[in-house]
>>> print(open('coords_35.tsv').read())   # TSV, C-alpha atoms
chain	number	residue	atom	x	y	z
M	1	MET	CA	0.00	0.00	0.00
M	2	LEU	CA	2.89	2.37	0.70
M	3	SER	CA	3.52	4.33	-2.43
M	4	GLU	CA	6.36	6.57	-3.45
M	5	GLY	CA	6.22	9.92	-1.72
M	6	ALA	CA	4.11	8.60	1.16
M	7	VAL	CA	4.91	9.61	4.70
M	8	SER	CA	7.23	7.21	6.51
M	9	PRO	CA	5.60	5.16	9.28
M	10	LEU	CA	7.84	6.79	11.93
M	11	VAL	CA	6.75	10.30	10.94
M	12	TYR	CA	3.13	9.11	10.87
M	13	VAL	CA	3.50	7.65	14.38
M	14	LEU	CA	4.92	10.95	15.66
M	15	LEU	CA	2.13	13.02	14.05
M	16	LEU	CA	-0.62	10.71	15.27
M	17	ALA	CA	0.84	10.44	18.79
M	18	GLY	CA	1.18	14.22	19.00
M	19	GLY	CA	-2.41	14.77	17.91
M	20	VAL	CA	-3.77	12.20	20.36
M	21	GLY	CA	-1.54	13.64	23.08
M	22	LEU	CA	-3.03	17.08	22.51
M	23	GLY	CA	-6.56	15.69	22.56
M	24	LEU	CA	-7.29	16.32	18.90
M	25	PRO	CA	-9.77	14.09	17.03
M	26	MET	CA	-7.50	11.78	15.07
M	27	GLY	CA	-9.98	9.28	13.59
M	28	PRO	CA	-9.24	10.34	10.00
M	29	MET	CA	-5.53	9.70	10.57
M	30	VAL	CA	-6.31	6.22	11.90
M	31	VAL	CA	-8.23	5.47	8.70
M	32	GLY	CA	-5.41	7.09	6.73
M	33	ALA	CA	-2.89	4.67	8.24
M	34	GLY	CA	-4.82	1.82	6.67
M	35	ALA	CA	-4.94	3.61	3.34
M	36	LEU	CA	-1.21	4.37	3.36
M	37	TYR	CA	0.27	1.23	4.89
M	38	GLY	CA	-2.39	-1.50	4.56
M	39	GLY	CA	-4.23	-3.37	7.29
M	40	VAL	CA	-1.40	-5.00	9.25
M	41	THR	CA	1.32	-2.33	9.09
M	42	GLY	CA	-1.32	0.38	9.50
M	43	LEU	CA	-2.61	-1.26	12.67
M	44	VAL	CA	0.91	-1.53	14.10
M	45	VAL	CA	1.52	2.16	13.35
M	46	VAL	CA	-1.80	3.13	14.96
M	47	VAL	CA	-1.30	1.01	18.09
M	48	ILE	CA	2.18	2.44	18.73
M	49	ALA	CA	1.01	6.00	18.08
M	50	GLN	CA	-2.15	5.68	20.16
M	51	GLY	CA	-0.21	4.17	23.06
M	52	ALA	CA	2.27	7.04	23.05
M	53	GLY	CA	-0.46	9.63	22.50
M	54	LEU	CA	-2.66	8.32	25.31
M	55	THR	CA	0.33	8.43	27.64
M	56	ILE	CA	1.00	12.05	26.73
M	57	ASN	CA	-2.69	12.95	26.98
M	58	TRP	CA	-3.03	11.30	30.40
M	59	HIS	CA	-0.16	13.28	31.85
M	60	VAL	CA	-1.24	16.57	30.24
M	61	CYS	CA	-4.80	16.17	31.57
M	62	ARG	CA	-3.74	14.86	34.99
M	63	HIS	CA	-0.90	17.24	35.80
M	64	TRP	CA	-1.27	20.43	33.78
M	65	CYS	CA	-4.90	20.87	32.75
M	66	ARG	CA	-6.84	19.32	35.62
M	67	ASP	CA	-8.31	22.56	37.00
M	68	TRP	CA	-9.13	23.90	33.54
M	69	ILE	CA	-10.90	20.63	32.60
M	70	ARG	CA	-12.88	20.64	35.84
M	71	GLN	CA	-14.00	24.24	35.18
M	72	ARG	CA	-15.06	23.34	31.62
M	73	PHE	CA	-17.13	20.40	32.87
M	74	GLN	CA	-18.76	22.59	35.54
M	75	SER	CA	-19.62	25.34	33.08
M	76	ARG	CA	-21.35	23.01	30.61
M	77	ARG	CA	-24.54	21.47	31.87
M	78	ARG	CA	-24.28	18.65	29.37
M	79	TRP	CA	-20.89	17.52	30.76
M	80	GLN	CA	-21.54	17.93	34.48
M	81	TRP	CA	-22.28	14.23	34.90
M	82	MET	CA	-18.58	13.58	34.24
M	83	LEU	CA	-17.70	15.35	37.48
M	84	THR	CA	-19.25	12.43	39.38
M	85	PHE	CA	-16.04	10.53	38.52
M	86	SER	CA	-13.83	13.27	39.95
M	87	ASN	CA	-11.65	11.98	42.81
M	88	THR	CA	-13.13	8.49	42.41
M	89	CYS	CA	-10.98	5.49	41.57
M	90	LEU	CA	-12.80	3.98	38.61
M	91	PRO	CA	-13.00	0.18	38.68
M	92	TRP	CA	-11.64	-1.62	35.63
M	93	PRO	CA	-15.10	-2.68	34.29
M	94	THR	CA	-16.13	0.99	34.21
M	95	LEU	CA	-12.89	1.92	32.47
M	96	VAL	CA	-13.44	-0.77	29.84
M	97	LEU	CA	-17.02	0.41	29.30
M	98	LEU	CA	-15.83	3.99	28.92
M	99	ARG	CA	-13.31	2.85	26.33
M	100	LEU	CA	-15.90	0.88	24.37
M	101	ALA	CA	-18.71	3.44	24.54
M	102	LEU	CA	-19.23	5.70	21.56
M	103	LEU	CA	-17.97	8.75	23.43
M	104	PRO	CA	-15.26	11.08	22.14
M	105	MET	CA	-11.93	9.73	23.36
M	106	THR	CA	-10.82	13.21	24.37
M	107	LEU	CA	-13.68	13.44	26.88
M	108	VAL	CA	-13.05	9.93	28.18
M	109	ASN	CA	-9.33	10.67	28.62
M	110	ALA	CA	-10.08	13.91	30.45
M	111	MET	CA	-12.64	12.19	32.67
M	112	CYS	CA	-10.20	9.41	33.55
M	113	ALA	CA	-7.47	11.93	34.28
M	114	LEU	CA	-9.83	13.80	36.64
M	115	SER	CA	-10.55	10.61	38.53
M	116	ALA	CA	-8.26	9.04	41.11
M	117	THR	CA	-7.67	6.11	38.75
M	118	ARG	CA	-4.04	5.15	38.46
M	119	TRP	CA	-2.09	4.98	35.21
M	120	ARG	CA	-1.75	1.19	34.91
M	121	PRO	CA	-5.47	0.32	34.98
M	122	TYR	CA	-6.13	3.18	32.55
M	123	ALA	CA	-3.44	1.96	30.17
M	124	PHE	CA	-4.46	-1.69	30.44
M	125	THR	CA	-8.14	-0.99	29.76
M	126	SER	CA	-7.18	1.17	26.79
M	127	LEU	CA	-6.36	-2.11	25.04
M	128	ALA	CA	-10.13	-2.48	24.63
M	129	MET	CA	-9.86	0.02	21.78
M	130	LEU	CA	-7.81	-2.35	19.62
M	131	LEU	CA	-10.92	-3.64	17.86
M	132	ARG	CA	-12.05	-0.10	17.05
M	133	PHE	CA	-8.60	0.76	15.68
M	134	ALA	CA	-8.48	-2.44	13.65
M	135	VAL	CA	-11.83	-1.66	12.03
M	136	LEU	CA	-10.85	1.93	11.20
M	137	VAL	CA	-7.50	0.88	9.74
M	138	GLN	CA	-9.16	-1.86	7.70
M	139	VAL	CA	-11.70	0.65	6.36
M	140	GLY	CA	-8.81	2.77	5.10
M	141	ALA	CA	-7.14	-0.24	3.47
M	142	LEU	CA	-10.44	-1.29	1.86
M	143	GLY	CA	-10.96	2.23	0.55
M	144	VAL	CA	-7.70	2.02	-1.37
M	145	GLU	CA	-8.60	-1.46	-2.64
M	146	ALA	CA	-11.98	-0.20	-3.84
M	147	ALA	CA	-10.47	2.89	-5.48
M	148	THR	CA	-7.93	0.80	-7.38
M	149	GLY	CA	-10.49	-1.83	-8.40
M	150	HIS	CA	-8.94	-4.63	-6.36
M	151	LEU	CA	-11.68	-5.02	-3.75
M	152	ASN	CA	-11.51	-8.37	-2.00
M	153	ARG	CA	-15.03	-9.59	-1.10
M	154	VAL	CA	-13.92	-11.66	1.89
M	155	SER	CA	-11.98	-8.73	3.31
M	156	PHE	CA	-14.98	-6.46	2.72
M	157	ALA	CA	-17.38	-8.88	4.43
M	158	MET	CA	-15.06	-9.25	7.42
M	159	THR	CA	-14.79	-5.47	7.77
M	160	VAL	CA	-18.58	-5.07	7.68
M	161	ILE	CA	-19.03	-7.79	10.30
M	162	ALA	CA	-16.29	-6.33	12.50
M	163	ALA	CA	-17.73	-2.82	12.18
M	164	ALA	CA	-21.24	-4.01	13.05
M	165	SER	CA	-19.86	-5.95	16.03
M	166	THR	CA	-17.92	-2.91	17.22
M	167	VAL	CA	-20.99	-0.67	16.99
M	168	ALA	CA	-23.16	-3.23	18.79
M	169	LEU	CA	-20.55	-3.70	21.52
M	170	ALA	CA	-20.14	0.06	21.93
M	171	TRP	CA	-23.90	0.56	22.14
M	172	LEU	CA	-24.30	-2.20	24.74
M	173	SER	CA	-21.35	-0.78	26.68
M	174	GLY	CA	-23.01	2.63	26.67
M	175	LEU	CA	-26.21	1.15	28.08
M	176	GLN	CA	-24.28	-0.64	30.82
M	177	LEU	CA	-22.29	2.52	31.58
M	178	ARG	CA	-25.52	4.51	31.90
M	179	ARG	CA	-26.84	1.91	34.37
M	180	LEU	CA	-23.64	2.11	36.41
M	181	MET	CA	-23.83	5.90	36.48
M	182	THR	CA	-27.45	6.01	37.60
M	183	GLN	CA	-26.66	3.48	40.34
M	184	SER	CA	-23.69	5.54	41.57
M	185	THR	CA	-25.66	8.80	41.68
M	186	SER	CA	-28.66	7.33	43.51
>>> encode(input="coords_35.tsv", output="structure tokens")
Amino acid sequence: MLSEGAVSPLVYVLLLAGGVGLGLPMGPMVVGAGALYGGVTGLVVVVIAQGAGLTINWHVCRHWCRDWIRQRFQSRRRWQWMLTFSNTCLPWPTLVLLRLALLPMTLVNAMCALSATRWRPYAFTSLAMLLRFAVLVQVGALGVEAATGHLNRVSFAMTVIAAASTVALAWLSGLQLRRLMTQSTS
């Protein structure tokens, strides 16, 4: 998939990690990794970059932006529910559900950084996002295959099944997370 003039994987990792670290929405770059490097290499690039970026983002949110994030959540009625996690050590099932729910990762990262949750459980439960990354990377790779006229039907079917499974799992996780939140507030 890598063509002449394409960005090297190392540069792509640095750009993606920097964007994730700053809390920018980087979904298009995850799909782009699949388009540039194919499914397997693209996934490796994304996993390395996301791991580094989430580490950066955790420390930025936890150590430098904590008060600013708390003020933003307090000033927006829609986000005030996230303050219920402040100074609470989130159990690993809740962290996994937050990772699987269809919530913006920037908000989830900020919420986890506001909590008393330690780094290791946060990092370990972030592995739950591998399926989401794999689907996005595969979509990028399939896009290139379709554009060049070399679309593999088996690969396409597997991507559709994986995407539907990811959406269903995220939706069910969101429902479970909502139940957990209503139980903790009552």
>>> residues_around(input="coords_35.tsv", residues="Met111 (chain M)", least_positions_apart="3", cutoff="9 Å", atoms="only C-alpha atoms", output="CSV table (one decimal) with C-alpha atoms, keeping the file's coordinate frame")
chain,number,residue,atom,x,y,z
M,61,CYS,CA,-4.8,16.2,31.6
M,69,ILE,CA,-10.9,20.6,32.6
M,82,MET,CA,-18.6,13.6,34.2
M,83,LEU,CA,-17.7,15.4,37.5
M,85,PHE,CA,-16.0,10.5,38.5
M,86,SER,CA,-13.8,13.3,40.0
M,106,THR,CA,-10.8,13.2,24.4
M,107,LEU,CA,-13.7,13.4,26.9
M,108,VAL,CA,-13.0,9.9,28.2
M,114,LEU,CA,-9.8,13.8,36.6
M,115,SER,CA,-10.6,10.6,38.5
>>> residues_around(input="coords_35.tsv", residues="Ala33 (chain M)", least_positions_apart="4", cutoff="7 Å", atoms="only C-alpha atoms", output="mmCIF file with C-alpha atoms, in the frame of the given file")
data_model
loop_
_atom_site.group_PDB
_atom_site.id
_atom_site.type_symbol
_atom_site.label_atom_id
_atom_site.label_comp_id
_atom_site.auth_asym_id
_atom_site.auth_seq_id
_atom_site.Cartn_x
_atom_site.Cartn_y
_atom_site.Cartn_z
ATOM 1 C CA MET M 29 -5.530 9.700 10.570
ATOM 2 C CA TYR M 37 0.270 1.230 4.890
ATOM 3 C CA GLY M 42 -1.320 0.380 9.500
ATOM 4 C CA VAL M 46 -1.800 3.130 14.960
ATOM 5 C CA VAL M 137 -7.500 0.880 9.740
ATOM 6 C CA GLY M 140 -8.810 2.770 5.100
#
>>> closest_residue(input="coords_35.tsv", among="M:Met105, M:Leu24, M:Ala113, M:Leu97", to="Trp58 (chain M)", atoms="only C-alpha atoms")
M:Ala113
>>> atom_distance(input="coords_35.tsv", atom1="CA of Thr148 (chain M)", atom2="CA of Val40 (chain M)")
18.8 Å
>>> residues_near_point(input="coords_35.tsv", point="(-4.5, 4.5, 2.4)", cutoff="12 Å", atoms="all atoms listed in the file", output="number ranges by chain")
M: 1-3, 6-7, 28-39, 41-43, 136-148
>>> atom_distance(input="coords_35.tsv", atom1="CA of Ala170 (chain M)", atom2="CA of Gln71 (chain M)")
28.2 Å
>>> atom_distance(input="coords_35.tsv", atom1="CA of Gln183 (chain M)", atom2="CA of Leu127 (chain M)")
26.0 Å
>>> closest_residue(input="coords_35.tsv", among="M:Ala164, M:Ile48, M:Ala116, M:Leu177", to="Leu90 (chain M)", atoms="all atoms listed in the file")
M:Ala116
>>> residues_around(input="coords_35.tsv", residues="Val47 (chain M)", least_positions_apart="6", cutoff="10 Å", atoms="all atoms listed in the file", output="compact mmCIF listing (two decimals) with C-alpha atoms, in the frame of the given file")
# COMPACT_ATOMS: atom_id res chain seq x y z
CA VAL M 13 3.50 7.65 14.38
CA ALA M 17 0.84 10.44 18.79
CA VAL M 30 -6.31 6.22 11.90
CA THR M 41 1.32 -2.33 9.09
CA GLY M 53 -0.46 9.63 22.50
CA LEU M 127 -6.36 -2.11 25.04
CA MET M 129 -9.86 0.02 21.78
CA LEU M 130 -7.81 -2.35 19.62
CA PHE M 133 -8.60 0.76 15.68
CA ALA M 134 -8.48 -2.44 13.65
>>> closest_residue(input="coords_35.tsv", among="M:Thr94, M:Asn109, M:Ser75, M:Thr84", to="Arg62 (chain M)", atoms="all atoms listed in the file")
M:Asn109
>>> residues_near_point(input="coords_35.tsv", point="(3.0, 10.0, 25.4)", cutoff="10 Å", atoms="only C-alpha atoms", output="ChimeraX atom specification")
/M:14,17-18,20-22,49-60
>>> residues_around(input="coords_35.tsv", residues="Leu95 (chain M)", least_positions_apart="2", cutoff="10 Å", atoms="all atoms listed in the file", output="VMD selection string")
chain M and resid 89 to 93 97 to 101 108 112 117 121 to 126 128 177
>>> closest_residue(input="coords_35.tsv", among="M:Leu151, M:Ala110, M:Ala163, M:Ala168", to="Trp68 (chain M)", atoms="only C-alpha atoms")
M:Ala110
>>> residues_around(input="coords_35.tsv", residues="Ala162 (chain M)", least_positions_apart="2", cutoff="9 Å", atoms="all atoms listed in the file", output="JSON, numbers by chain")
{"M": [131, 132, 134, 135, 157, 158, 159, 160, 164, 165, 166, 167]}
